[in-house]
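Participant: Sharing a structure below in structure tokens format, with a few things to ask.
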Amino acid sequence: MTKTYDIAAFRALIGAIKCEDNPVLVKQKSRDFYWYSPVLKRELEHVTADLVVSPRSEAEVATVLAAAHKLGVPVTPRGAGTGNYGQAMPLTGGVLLNLIEMNTILDISPGRVVAEPGALLIDIDKAAAPSGQELRMFPSTRATASIGGFIAGGSGGVGSITWGGLRDFGNVLRLRVMTMESEPRTLELTGADLHKAVHAYGTNGVITEVEAPLTAAYDWVDVIVGFDSFDAAAAYGYALGQQDGILKKLVTVVAAPAPSRYFLRHRAIIPEGKSVVLAMVAPHALDALEAFTRPVRGAGILFVSSRAAKDTLTGLPPNYELAWNHTTLRALRVDPAITYLQIRYPEDRGLSLISRIHEIFRDEVLGHLEIIRFNGRVGFAGLPMVRFSTEERLQEIMNEHEAMGAMVFNPHRYTLEEGGMKQTDATQLAFKRETDPQGLLNPGKMIAWEDPAFDYSAGKNFLFPGLEARALAAQV
Ligand code: FAD
């Protein structure tokens with residue numbers, strides 16, 4: 001049965017805190033980039049909140065959470081809504097907690113920034129620039145995504161080639177998290193406790209303040225290197241990733257024909273048929289990168305941003321906006337039949353497996369690799385572009401990847417577990433018991449909470465009853 005919430009009573013309790021109830025605007029704010037997945041597009045199209053609430057201070061967040069707790073109204077936190085798996089979508093309605101207006105950058109000091117959750121990553125970098133610093137890593141959505149949303153929903157990105165992922169020790173320094181109780185508490189998480197809330201989709205607390213590490217800033221130089229084969233590009237990307245002396249922020253490999261077909265503004269730069277490596281290197285590392293590249297057979301430097309003419313640079317997106325999930329976005333804009341996968345390849349035989357997979361699937365699964373650090377070792381994450389035909393075929397492609405030894409992080413699922421390690425994260429679950437005893441924060445995203453007996457080995461998808469009920473109600 002669909003639950004309805006006493007929104008009038010909720011509004012009376014929160015007083016003058018900014019709200020939006022225009023159904024069109026509420027629905028707009030109830031989405032993210034879920035539509036990258038044809039499966040999620042079908043499942044989540046109808047999802048909408050009942051009300052968007054935009055607090056401007058921690059005190060206002062506390063008022064909202066206390067009122068929602070009292071009336072049993074679900075609350076789904078949202079930053080900029082650039083997540084990919086319906087992460088910030090209120091599956092069973094209720095309040096969409098829009099945190100983007102809590103965006104003050106509170107302090108910049110050597111090695112660290114303290115900010116409210118809605119601060120945009122690009123604004124943090126701008127604020128840190130006068131001190132010669134910048135964030136260690138950002139998603140390719142740097143220009144639009146918030147620091148709170150990145151930490152609650154992201155995994156890593158531009159910078160992960162040097163610094164690893166968001167969940168690695170040291171890549172978040174401190175979080176202030178508010179609980180969903182009758183009298184919300186603020187908890188300060190540091191050290192190992194950070195794992196409770198990092199990449200938990202806001203299911204076990206609302207992040208109200210972030211402390212993140214900063215590193216030395218550079219005028220990063222975009223370099224594009226072309227190859228006649230994907231295998232050669234992948235091998236070069238991996239070898240470049242292992243060059244510890246070359247200071248870099250990005251190493252991305254994209255298989256032909258994607259670069260010339262989908263990177264529309266780079267058509268004059270990238271010839272047809274070329275697979276490419278997109279790199280960002282520090283200005284003082286450019287000479288070393290060229291010396292490293294020169295002897296590599298078949299490698300041709302196609303573009304160096306610091307040497308390009310002003311006219312060439314006009315309107316040209318930076319390399320990082322061709323990488324990570326921007327690669328998929330650019331492909332989707334040209335060919336709406338494209339979707340994607342998230343893969344991790346084994347460290348020991350990554351290159352040979354990537355080559356085999358490329359050979360088997362050809363144009364149906366176009367190669368896209370991000371070279372990153374895992375626990376001190378350089379490895380491959382894959383975001384291959386898949387030509388979608390049917391949901392059954394998509395599943396078959398994922399099964400074949402797993403059968404060959406590649407690990408799939410399914411981007412066509414809205415739950416933490418199915419998009420991740422397919423098992424309960426006991427730390428996050430225990431924290432939710434403490435911080436959200438009524439299960440009102442971002443319902444439906446943590447299987448361990450909704451259905452502790454769920455059997456991952458049965459091969460069935462988790463279907464959140466609250467979502468199904470809202471879907472039926474939307475049809476009536
Ligand atoms: P939202 O989408 O608004 O929220 C993300 C999750 O965090 C949701 O579950 C939400 O409920 C929760 N949340 C938001 N704010 C809070 C808060 N204050 N407290 C508690 N929970 C909160 N991701 C990467 O990791 N790396 C990439 O390189 C990358 N590239 C991308 C490229 C494109 C083109 C797109 C569309 C997405 C990409 N993403 C990437 C995914 C996404 O952009 C990032 O994870 C981004 O950082 C999310 O930030 P946001 O402010 O949009 O968060």
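We label chains A, B, ... in the order they appear in the structure tokens, count residues from 1 in each chain, and number ligands from 1 in the order shown.
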Go through stretch 264-301 of chain A and flag each residue having an atom no more than 10 Å from stretch 323-340 of chain A; for those, report the closest pair of atoms plus their distance in Å to one decimal, using only C-alpha atoms, ordered by chain and rising number, as JSON lines.

Facilitator:
{"residue": "A:Leu264", "atom": "CA", "partner": "A:Arg330", "partner_atom": "CA", "distance": 8.2}
{"residue": "A:Val277", "atom": "CA", "partner": "A:Ala323", "partner_atom": "CA", "distance": 10.0}
{"residue": "A:Leu278", "atom": "CA", "partner": "A:Ala323", "partner_atom": "CA", "distance": 7.7}
{"residue": "A:Ala279", "atom": "CA", "partner": "A:Ala323", "partner_atom": "CA", "distance": 9.5}

Participant: Filtering to all heavy atoms, could you give me those residues as a PDB file, in the first residue's frame?

Facilitator:
ATOM      1  N   LEU A 264      32.940  15.369 -30.097  1.00  0.00           N
ATOM      2  CA  LEU A 264      32.634  16.172 -31.276  1.00  0.00           C
ATOM      3  C   LEU A 264      33.552  17.374 -31.449  1.00  0.00           C
ATOM      4  O   LEU A 264      33.947  17.708 -32.558  1.00  0.00           O
ATOM      5  CB  LEU A 264      31.167  16.625 -31.224  1.00  0.00           C
ATOM      6  CG  LEU A 264      30.136  15.479 -31.210  1.00  0.00           C
ATOM      7  CD1 LEU A 264      28.720  16.026 -31.180  1.00  0.00           C
ATOM      8  CD2 LEU A 264      30.324  14.548 -32.405  1.00  0.00           C
ATOM      9  N   VAL A 277      44.820   7.848 -25.539  1.00  0.00           N
ATOM     10  CA  VAL A 277      45.064   8.002 -24.104  1.00  0.00           C
ATOM     11  C   VAL A 277      44.957   9.486 -23.804  1.00  0.00           C
ATOM     12  O   VAL A 277      45.586  10.308 -24.474  1.00  0.00           O
ATOM     13  CB  VAL A 277      46.449   7.452 -23.702  1.00  0.00           C
ATOM     14  CG1 VAL A 277      46.773   7.825 -22.252  1.00  0.00           C
ATOM     15  CG2 VAL A 277      46.474   5.935 -23.871  1.00  0.00           C
ATOM     16  N   LEU A 278      44.091   9.807 -22.842  1.00  0.00           N
ATOM     17  CA  LEU A 278      43.919  11.199 -22.411  1.00  0.00           C
ATOM     18  C   LEU A 278      44.671  11.349 -21.097  1.00  0.00           C
ATOM     19  O   LEU A 278      44.405  10.597 -20.151  1.00  0.00           O
ATOM     20  CB  LEU A 278      42.437  11.494 -22.149  1.00  0.00           C
ATOM     21  CG  LEU A 278      41.449  11.108 -23.251  1.00  0.00           C
ATOM     22  CD1 LEU A 278      40.027  11.065 -22.702  1.00  0.00           C
ATOM     23  CD2 LEU A 278      41.541  12.121 -24.384  1.00  0.00           C
ATOM     24  N   ALA A 279      45.598  12.301 -21.042  1.00  0.00           N
ATOM     25  CA  ALA A 279      46.359  12.471 -19.798  1.00  0.00           C
ATOM     26  C   ALA A 279      46.304  13.922 -19.349  1.00  0.00           C
ATOM     27  O   ALA A 279      46.105  14.835 -20.156  1.00  0.00           O
ATOM     28  CB  ALA A 279      47.809  12.044 -20.008  1.00  0.00           C
TER      29      ALA A 279
END

Participant: For A:Asp21, work out the shell of residues within 8 Å, counting only C-alpha atoms and skipping chain neighbours fewer than 4 positions away, then give it as an MDAnalysis selection string.

Facilitator: chainID A and resid 25:26 50:52

Participant: Using C-alpha atoms, can you export the residues from the last selection as a PDB file, in the first residue's frame?

Facilitator:
ATOM      1  CA  LEU A  25       9.929  21.565 -10.037  1.00  0.00           C
ATOM      2  CA  VAL A  26       9.748  18.882  -7.346  1.00  0.00           C
ATOM      3  CA  ASP A  50       6.283  15.305  -2.199  1.00  0.00           C
ATOM      4  CA  LEU A  51       8.255  18.392  -1.232  1.00  0.00           C
ATOM      5  CA  VAL A  52      11.733  19.874  -1.739  1.00  0.00           C
TER       6      VAL A  52
END

Participant: Give me, as a PDB file with N, CA and C atoms, in the first residue's frame, the residues of stretch 78-295 of chain A that a backbone DSSP run labels strand (DSSP E or B).

Facilitator:
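Okay, this is what ended up in result05.pdb:
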ATOM      1  N   ARG A  78      20.204  15.424  -1.074  1.00  0.00           N
ATOM      2  CA  ARG A  78      20.636  15.656  -2.455  1.00  0.00           C
ATOM      3  C   ARG A  78      21.647  16.786  -2.489  1.00  0.00           C
ATOM      4  N   VAL A  95      10.318  13.857   1.594  1.00  0.00           N
ATOM      5  CA  VAL A  95      11.045  15.123   1.459  1.00  0.00           C
ATOM      6  C   VAL A  95      12.369  14.919   0.738  1.00  0.00           C
ATOM      7  N   LEU A  96      12.615  15.778  -0.241  1.00  0.00           N
ATOM      8  CA  LEU A  96      13.914  15.817  -0.897  1.00  0.00           C
ATOM      9  C   LEU A  96      14.685  16.931  -0.194  1.00  0.00           C
ATOM     10  N   LEU A  97      15.759  16.564   0.483  1.00  0.00           N
ATOM     11  CA  LEU A  97      16.532  17.535   1.267  1.00  0.00           C
ATOM     12  C   LEU A  97      17.636  18.109   0.392  1.00  0.00           C
ATOM     13  N   ASN A  98      17.377  19.266  -0.168  1.00  0.00           N
ATOM     14  CA  ASN A  98      18.289  19.890  -1.124  1.00  0.00           C
ATOM     15  C   ASN A  98      19.367  20.666  -0.360  1.00  0.00           C
ATOM     16  N   ILE A 105      32.331  27.848   2.061  1.00  0.00           N
ATOM     17  CA  ILE A 105      33.661  27.253   2.269  1.00  0.00           C
ATOM     18  C   ILE A 105      34.195  27.913   3.539  1.00  0.00           C
ATOM     19  N   LEU A 106      34.311  27.135   4.596  1.00  0.00           N
ATOM     20  CA  LEU A 106      34.518  27.706   5.930  1.00  0.00           C
ATOM     21  C   LEU A 106      35.981  28.025   6.216  1.00  0.00           C
ATOM     22  N   ASP A 107      36.889  27.184   5.711  1.00  0.00           N
ATOM     23  CA  ASP A 107      38.293  27.411   6.051  1.00  0.00           C
ATOM     24  C   ASP A 107      39.209  26.697   5.053  1.00  0.00           C
ATOM     25  N   ILE A 108      40.268  27.393   4.687  1.00  0.00           N
ATOM     26  CA  ILE A 108      41.316  26.759   3.862  1.00  0.00           C
ATOM     27  C   ILE A 108      42.615  26.955   4.637  1.00  0.00           C
ATOM     28  N   SER A 109      43.314  25.887   4.896  1.00  0.00           N
ATOM     29  CA  SER A 109      44.598  26.008   5.590  1.00  0.00           C
ATOM     30  C   SER A 109      45.561  25.036   4.914  1.00  0.00           C
ATOM     31  N   ARG A 112      44.351  21.333   3.965  1.00  0.00           N
ATOM     32  CA  ARG A 112      42.948  20.957   4.219  1.00  0.00           C
ATOM     33  C   ARG A 112      41.951  22.062   3.902  1.00  0.00           C
ATOM     34  N   VAL A 113      40.718  21.620   3.598  1.00  0.00           N
ATOM     35  CA  VAL A 113      39.607  22.553   3.412  1.00  0.00           C
ATOM     36  C   VAL A 113      38.452  22.075   4.290  1.00  0.00           C
ATOM     37  N   VAL A 114      37.734  23.024   4.863  1.00  0.00           N
ATOM     38  CA  VAL A 114      36.510  22.697   5.593  1.00  0.00           C
ATOM     39  C   VAL A 114      35.373  23.415   4.870  1.00  0.00           C
ATOM     40  N   ALA A 115      34.333  22.670   4.536  1.00  0.00           N
ATOM     41  CA  ALA A 115      33.250  23.276   3.756  1.00  0.00           C
ATOM     42  C   ALA A 115      31.908  22.684   4.147  1.00  0.00           C
ATOM     43  N   LEU A 120      30.396  23.534  -4.239  1.00  0.00           N
ATOM     44  CA  LEU A 120      30.765  22.839  -5.482  1.00  0.00           C
ATOM     45  C   LEU A 120      32.267  22.575  -5.478  1.00  0.00           C
ATOM     46  N   GLN A 133      46.871  25.607  -3.659  1.00  0.00           N
ATOM     47  CA  GLN A 133      46.367  24.258  -3.363  1.00  0.00           C
ATOM     48  C   GLN A 133      45.125  23.932  -4.195  1.00  0.00           C
ATOM     49  N   GLU A 134      44.789  22.638  -4.229  1.00  0.00           N
ATOM     50  CA  GLU A 134      43.570  22.159  -4.891  1.00  0.00           C
ATOM     51  C   GLU A 134      43.172  20.828  -4.260  1.00  0.00           C
ATOM     52  N   LEU A 135      41.965  20.363  -4.578  1.00  0.00           N
ATOM     53  CA  LEU A 135      41.515  19.059  -4.069  1.00  0.00           C
ATOM     54  C   LEU A 135      42.366  17.948  -4.673  1.00  0.00           C
ATOM     55  N   PHE A 138      38.614  14.799  -7.971  1.00  0.00           N
ATOM     56  CA  PHE A 138      37.234  15.243  -8.202  1.00  0.00           C
ATOM     57  C   PHE A 138      36.620  14.351  -9.269  1.00  0.00           C
ATOM     58  N   SER A 146      28.644  18.587  -5.879  1.00  0.00           N
ATOM     59  CA  SER A 146      28.949  19.123  -4.548  1.00  0.00           C
ATOM     60  C   SER A 146      29.899  18.189  -3.803  1.00  0.00           C
ATOM     61  N   VAL A 158      39.204  12.034 -11.142  1.00  0.00           N
ATOM     62  CA  VAL A 158      40.380  12.715 -11.666  1.00  0.00           C
ATOM     63  C   VAL A 158      41.289  13.005 -10.462  1.00  0.00           C
ATOM     64  N   ARG A 174      37.459  14.457   7.798  1.00  0.00           N
ATOM     65  CA  ARG A 174      36.459  14.527   8.874  1.00  0.00           C
ATOM     66  C   ARG A 174      35.097  14.813   8.261  1.00  0.00           C
ATOM     67  N   LEU A 175      34.079  14.196   8.837  1.00  0.00           N
ATOM     68  CA  LEU A 175      32.709  14.511   8.423  1.00  0.00           C
ATOM     69  C   LEU A 175      31.892  14.836   9.657  1.00  0.00           C
ATOM     70  N   ARG A 176      31.027  15.820   9.505  1.00  0.00           N
ATOM     71  CA  ARG A 176      30.040  16.086  10.543  1.00  0.00           C
ATOM     72  C   ARG A 176      28.735  15.551   9.989  1.00  0.00           C
ATOM     73  N   VAL A 177      28.109  14.647  10.734  1.00  0.00           N
ATOM     74  CA  VAL A 177      26.937  13.929  10.216  1.00  0.00           C
ATOM     75  C   VAL A 177      25.782  14.094  11.200  1.00  0.00           C
ATOM     76  N   MET A 178      24.606  14.401  10.660  1.00  0.00           N
ATOM     77  CA  MET A 178      23.446  14.567  11.540  1.00  0.00           C
ATOM     78  C   MET A 178      22.540  13.342  11.498  1.00  0.00           C
ATOM     79  N   THR A 186      24.578  15.745  16.175  1.00  0.00           N
ATOM     80  CA  THR A 186      25.644  15.816  15.170  1.00  0.00           C
ATOM     81  C   THR A 186      26.822  14.997  15.693  1.00  0.00           C
ATOM     82  N   LEU A 187      27.330  14.139  14.816  1.00  0.00           N
ATOM     83  CA  LEU A 187      28.459  13.274  15.169  1.00  0.00           C
ATOM     84  C   LEU A 187      29.658  13.687  14.330  1.00  0.00           C
ATOM     85  N   GLU A 188      30.828  13.670  14.930  1.00  0.00           N
ATOM     86  CA  GLU A 188      32.055  13.988  14.187  1.00  0.00           C
ATOM     87  C   GLU A 188      32.733  12.661  13.869  1.00  0.00           C
ATOM     88  N   LEU A 189      32.885  12.344  12.601  1.00  0.00           N
ATOM     89  CA  LEU A 189      33.538  11.096  12.206  1.00  0.00           C
ATOM     90  C   LEU A 189      34.949  11.390  11.706  1.00  0.00           C
ATOM     91  N   VAL A 206      22.987  12.713   7.553  1.00  0.00           N
ATOM     92  CA  VAL A 206      23.125  13.832   6.614  1.00  0.00           C
ATOM     93  C   VAL A 206      24.450  14.524   6.915  1.00  0.00           C
ATOM     94  N   ILE A 207      25.292  14.611   5.907  1.00  0.00           N
ATOM     95  CA  ILE A 207      26.595  15.268   6.083  1.00  0.00           C
ATOM     96  C   ILE A 207      26.355  16.785   6.110  1.00  0.00           C
ATOM     97  N   THR A 208      26.779  17.422   7.192  1.00  0.00           N
ATOM     98  CA  THR A 208      26.560  18.872   7.294  1.00  0.00           C
ATOM     99  C   THR A 208      27.878  19.652   7.214  1.00  0.00           C
ATOM    100  N   GLU A 209      28.985  18.945   7.301  1.00  0.00           N
ATOM    101  CA  GLU A 209      30.292  19.618   7.157  1.00  0.00           C
ATOM    102  C   GLU A 209      31.334  18.580   6.731  1.00  0.00           C
ATOM    103  N   VAL A 210      32.241  19.026   5.874  1.00  0.00           N
ATOM    104  CA  VAL A 210      33.266  18.132   5.329  1.00  0.00           C
ATOM    105  C   VAL A 210      34.639  18.747   5.552  1.00  0.00           C
ATOM    106  N   GLU A 211      35.589  17.929   5.950  1.00  0.00           N
ATOM    107  CA  GLU A 211      36.987  18.369   5.948  1.00  0.00           C
ATOM    108  C   GLU A 211      37.734  17.427   5.015  1.00  0.00           C
ATOM    109  N   ALA A 212      38.353  17.998   3.986  1.00  0.00           N
ATOM    110  CA  ALA A 212      39.012  17.170   2.957  1.00  0.00           C
ATOM    111  C   ALA A 212      40.446  17.639   2.771  1.00  0.00           C
ATOM    112  N   PRO A 213      41.324  16.732   2.337  1.00  0.00           N
ATOM    113  CA  PRO A 213      42.718  17.124   2.152  1.00  0.00           C
ATOM    114  C   PRO A 213      42.932  17.914   0.861  1.00  0.00           C
ATOM    115  N   LEU A 214      43.885  18.816   0.891  1.00  0.00           N
ATOM    116  CA  LEU A 214      44.286  19.554  -0.305  1.00  0.00           C
ATOM    117  C   LEU A 214      45.710  19.160  -0.662  1.00  0.00           C
ATOM    118  N   THR A 215      46.064  19.385  -1.909  1.00  0.00           N
ATOM    119  CA  THR A 215      47.430  19.103  -2.355  1.00  0.00           C
ATOM    120  C   THR A 215      47.910  20.279  -3.209  1.00  0.00           C
ATOM    121  N   ALA A 216      49.150  20.234  -3.665  1.00  0.00           N
ATOM    122  CA  ALA A 216      49.687  21.346  -4.466  1.00  0.00           C
ATOM    123  C   ALA A 216      48.923  21.473  -5.781  1.00  0.00           C
ATOM    124  N   VAL A 221      48.320  20.194 -17.722  1.00  0.00           N
ATOM    125  CA  VAL A 221      48.394  20.216 -19.187  1.00  0.00           C
ATOM    126  C   VAL A 221      47.654  18.990 -19.721  1.00  0.00           C
ATOM    127  N   ASP A 222      46.715  19.222 -20.634  1.00  0.00           N
ATOM    128  CA  ASP A 222      46.006  18.114 -21.278  1.00  0.00           C
ATOM    129  C   ASP A 222      46.837  17.583 -22.441  1.00  0.00           C
ATOM    130  N   VAL A 223      47.044  16.277 -22.457  1.00  0.00           N
ATOM    131  CA  VAL A 223      47.781  15.655 -23.561  1.00  0.00           C
ATOM    132  C   VAL A 223      46.911  14.526 -24.124  1.00  0.00           C
ATOM    133  N   ILE A 224      46.850  14.434 -25.443  1.00  0.00           N
ATOM    134  CA  ILE A 224      46.130  13.316 -26.067  1.00  0.00           C
ATOM    135  C   ILE A 224      47.129  12.543 -26.947  1.00  0.00           C
ATOM    136  N   VAL A 225      47.230  11.247 -26.703  1.00  0.00           N
ATOM    137  CA  VAL A 225      48.157  10.411 -27.469  1.00  0.00           C
ATOM    138  C   VAL A 225      47.310   9.409 -28.269  1.00  0.00           C
ATOM    139  N   GLY A 226      47.590   9.301 -29.573  1.00  0.00           N
ATOM    140  CA  GLY A 226      46.793   8.430 -30.445  1.00  0.00           C
ATOM    141  C   GLY A 226      47.503   7.120 -30.760  1.00  0.00           C
ATOM    142  N   PHE A 227      46.703   6.061 -30.971  1.00  0.00           N
ATOM    143  CA  PHE A 227      47.229   4.715 -31.292  1.00  0.00           C
ATOM    144  C   PHE A 227      46.337   4.068 -32.350  1.00  0.00           C
ATOM    145  N   LYS A 248      50.943  13.259 -12.563  1.00  0.00           N
ATOM    146  CA  LYS A 248      49.763  13.272 -13.428  1.00  0.00           C
ATOM    147  C   LYS A 248      48.485  13.263 -12.601  1.00  0.00           C
ATOM    148  N   LYS A 249      47.414  13.689 -13.239  1.00  0.00           N
ATOM    149  CA  LYS A 249      46.121  13.720 -12.537  1.00  0.00           C
ATOM    150  C   LYS A 249      45.114  12.819 -13.237  1.00  0.00           C
ATOM    151  N   LEU A 250      45.435  12.403 -14.454  1.00  0.00           N
ATOM    152  CA  LEU A 250      44.468  11.603 -15.211  1.00  0.00           C
ATOM    153  C   LEU A 250      45.187  10.763 -16.253  1.00  0.00           C
ATOM    154  N   VAL A 251      44.813   9.492 -16.356  1.00  0.00           N
ATOM    155  CA  VAL A 251      45.231   8.657 -17.494  1.00  0.00           C
ATOM    156  C   VAL A 251      44.011   7.818 -17.882  1.00  0.00           C
ATOM    157  N   THR A 252      43.461   8.126 -19.045  1.00  0.00           N
ATOM    158  CA  THR A 252      42.220   7.483 -19.518  1.00  0.00           C
ATOM    159  C   THR A 252      42.484   6.860 -20.876  1.00  0.00           C
ATOM    160  N   VAL A 253      41.942   5.683 -21.114  1.00  0.00           N
ATOM    161  CA  VAL A 253      42.107   5.026 -22.415  1.00  0.00           C
ATOM    162  C   VAL A 253      40.723   4.860 -23.045  1.00  0.00           C
ATOM    163  N   VAL A 254      40.566   5.311 -24.287  1.00  0.00           N
ATOM    164  CA  VAL A 254      39.269   5.173 -24.963  1.00  0.00           C
ATOM    165  C   VAL A 254      39.485   4.526 -26.329  1.00  0.00           C
ATOM    166  N   SER A 275      42.482   5.008 -31.352  1.00  0.00           N
ATOM    167  CA  SER A 275      42.209   4.865 -29.926  1.00  0.00           C
ATOM    168  C   SER A 275      43.115   5.877 -29.241  1.00  0.00           C
ATOM    169  N   VAL A 276      42.670   6.401 -28.089  1.00  0.00           N
ATOM    170  CA  VAL A 276      43.483   7.461 -27.478  1.00  0.00           C
ATOM    171  C   VAL A 276      43.745   7.209 -25.999  1.00  0.00           C
ATOM    172  N   VAL A 277      44.820   7.848 -25.539  1.00  0.00           N
ATOM    173  CA  VAL A 277      45.064   8.002 -24.104  1.00  0.00           C
ATOM    174  C   VAL A 277      44.957   9.486 -23.804  1.00  0.00           C
ATOM    175  N   LEU A 278      44.091   9.807 -22.842  1.00  0.00           N
ATOM    176  CA  LEU A 278      43.919  11.199 -22.411  1.00  0.00           C
ATOM    177  C   LEU A 278      44.671  11.349 -21.097  1.00  0.00           C
ATOM    178  N   ALA A 279      45.598  12.301 -21.042  1.00  0.00           N
ATOM    179  CA  ALA A 279      46.359  12.471 -19.798  1.00  0.00           C
ATOM    180  C   ALA A 279      46.304  13.922 -19.349  1.00  0.00           C
ATOM    181  N   MET A 280      46.428  14.109 -18.041  1.00  0.00           N
ATOM    182  CA  MET A 280      46.650  15.445 -17.470  1.00  0.00           C
ATOM    183  C   MET A 280      47.967  15.358 -16.715  1.00  0.00           C
ATOM    184  N   VAL A 281      48.945  16.161 -17.119  1.00  0.00           N
ATOM    185  CA  VAL A 281      50.239  16.126 -16.421  1.00  0.00           C
ATOM    186  C   VAL A 281      50.593  17.531 -15.943  1.00  0.00           C
TER     187      VAL A 281
END

Participant: Skipping near chain neighbours, those fewer than 2 positions away, what residues fall within 10 Å of A:Ala200 using only C-alpha atoms, listed as an MDAnalysis selection string?

Facilitator: chainID A and resid 87 151:154 195:198 202:205 416 425 428:429 432 442 445:446

Participant: From a DSSP calculation on the backbone, collect every residue of stretch 242-395 of chain A in helix (DSSP H, G or I) and output the set as a count of residues only.

Facilitator: 61

Participant: Could you tell me which of A:Gly376, A:Pro271, A:Gly382, A:Pro346 comes closest to ligand 1 if we count only C-alpha atoms and all ligand atoms?

Facilitator: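 Ranking A:Gly376, A:Pro271, A:Gly382, A:Pro346 by distance to ligand 1, first place goes to A:Gly382.
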
Participant: Which is closest to A:Pro23 among A:Ala453, A:Val47, A:Val75, A:Ile270, if we use only C-alpha atoms?

Facilitator: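 Closest to A:Pro23 of all the choices is A:Val47.
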
Participant: What lies within 10 Å of A:Leu13 using only C-alpha atoms, ignoring chain neighbours under 6 positions off, as a list in words?

Facilitator: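 Surrounding residues, per the criterion: Ile7, Thr63, Val64, Ala66, Ala67, Ala68, Lys70 and Leu71 of chain A.
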
Participant: Based on the selection just made, write C-alpha atoms of those residues as a PDB file, in the first residue's frame.

Facilitator:
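again-v2.pdb was written with the following content:
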ATOM      1  CA  ILE A   7       3.021  17.244   4.440  1.00  0.00           C
ATOM      2  CA  THR A  63      14.556  21.212  12.399  1.00  0.00           C
ATOM      3  CA  VAL A  64      13.720  19.372   9.138  1.00  0.00           C
ATOM      4  CA  ALA A  66      13.167  16.315  13.754  1.00  0.00           C
ATOM      5  CA  ALA A  67       9.888  17.165  12.002  1.00  0.00           C
ATOM      6  CA  ALA A  68      10.270  14.318   9.508  1.00  0.00           C
ATOM      7  CA  LYS A  70       8.024  12.958  14.285  1.00  0.00           C
ATOM      8  CA  LEU A  71       5.685  12.436  11.312  1.00  0.00           C
TER       9      LEU A  71
END

Participant: Counting only C-alpha atoms, what is within 7 Å of A:Phe380, bar same-chain residues fewer than 5 positions away, as a ChimeraX atom specification?

Facilitator: /A:344-345,369-372

Participant: For the selection just defined, write its residues with N, CA, C and O atoms to a file, as a PDB file, in the first residue's frame.

Facilitator:
ATOM      1  N   ARG A 344      35.992  -3.805 -12.712  1.00  0.00           N
ATOM      2  CA  ARG A 344      37.375  -3.797 -12.214  1.00  0.00           C
ATOM      3  C   ARG A 344      38.060  -5.059 -12.729  1.00  0.00           C
ATOM      4  O   ARG A 344      37.516  -6.160 -12.598  1.00  0.00           O
ATOM      5  N   TYR A 345      39.213  -4.861 -13.343  1.00  0.00           N
ATOM      6  CA  TYR A 345      39.938  -5.997 -13.922  1.00  0.00           C
ATOM      7  C   TYR A 345      40.994  -6.463 -12.931  1.00  0.00           C
ATOM      8  O   TYR A 345      41.555  -5.654 -12.193  1.00  0.00           O
ATOM      9  N   LEU A 369      38.934   2.716 -20.274  1.00  0.00           N
ATOM     10  CA  LEU A 369      39.641   2.372 -19.028  1.00  0.00           C
ATOM     11  C   LEU A 369      40.060   3.635 -18.299  1.00  0.00           C
ATOM     12  O   LEU A 369      40.445   4.621 -18.931  1.00  0.00           O
ATOM     13  N   GLU A 370      39.992   3.588 -16.997  1.00  0.00           N
ATOM     14  CA  GLU A 370      40.594   4.628 -16.162  1.00  0.00           C
ATOM     15  C   GLU A 370      41.724   3.952 -15.389  1.00  0.00           C
ATOM     16  O   GLU A 370      41.495   2.961 -14.689  1.00  0.00           O
ATOM     17  N   ILE A 371      42.936   4.477 -15.567  1.00  0.00           N
ATOM     18  CA  ILE A 371      44.085   3.905 -14.852  1.00  0.00           C
ATOM     19  C   ILE A 371      44.130   4.594 -13.485  1.00  0.00           C
ATOM     20  O   ILE A 371      44.180   5.829 -13.406  1.00  0.00           O
ATOM     21  N   ILE A 372      44.078   3.789 -12.434  1.00  0.00           N
ATOM     22  CA  ILE A 372      44.030   4.372 -11.085  1.00  0.00           C
ATOM     23  C   ILE A 372      44.890   3.559 -10.121  1.00  0.00           C
ATOM     24  O   ILE A 372      45.346   2.468 -10.463  1.00  0.00           O
TER      25      ILE A 372
END

Participant: Which is closer to ligand 1 than all the others in A:Lys18, A:His199, A:Arg307, A:His401, using only C-alpha atoms and all ligand atoms?

Facilitator: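 Distance minimum relative to ligand 1 lands on A:His199.
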
Participant: Quick one, how far is atom CA of A:Ser306 from atom CA of A:Asp244?

Facilitator: 21.9 Å

Participant: Using only C-alpha atoms and all ligand atoms, find the one residue out of A:Ala426, A:Leu441, A:Ala448, A:Ile354 that sits nearest to ligand 1.

Facilitator: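 Of A:Ala426, A:Leu441, A:Ala448, A:Ile354, the one nearest ligand 1 is A:Leu441, counting only C-alpha atoms and all ligand atoms.
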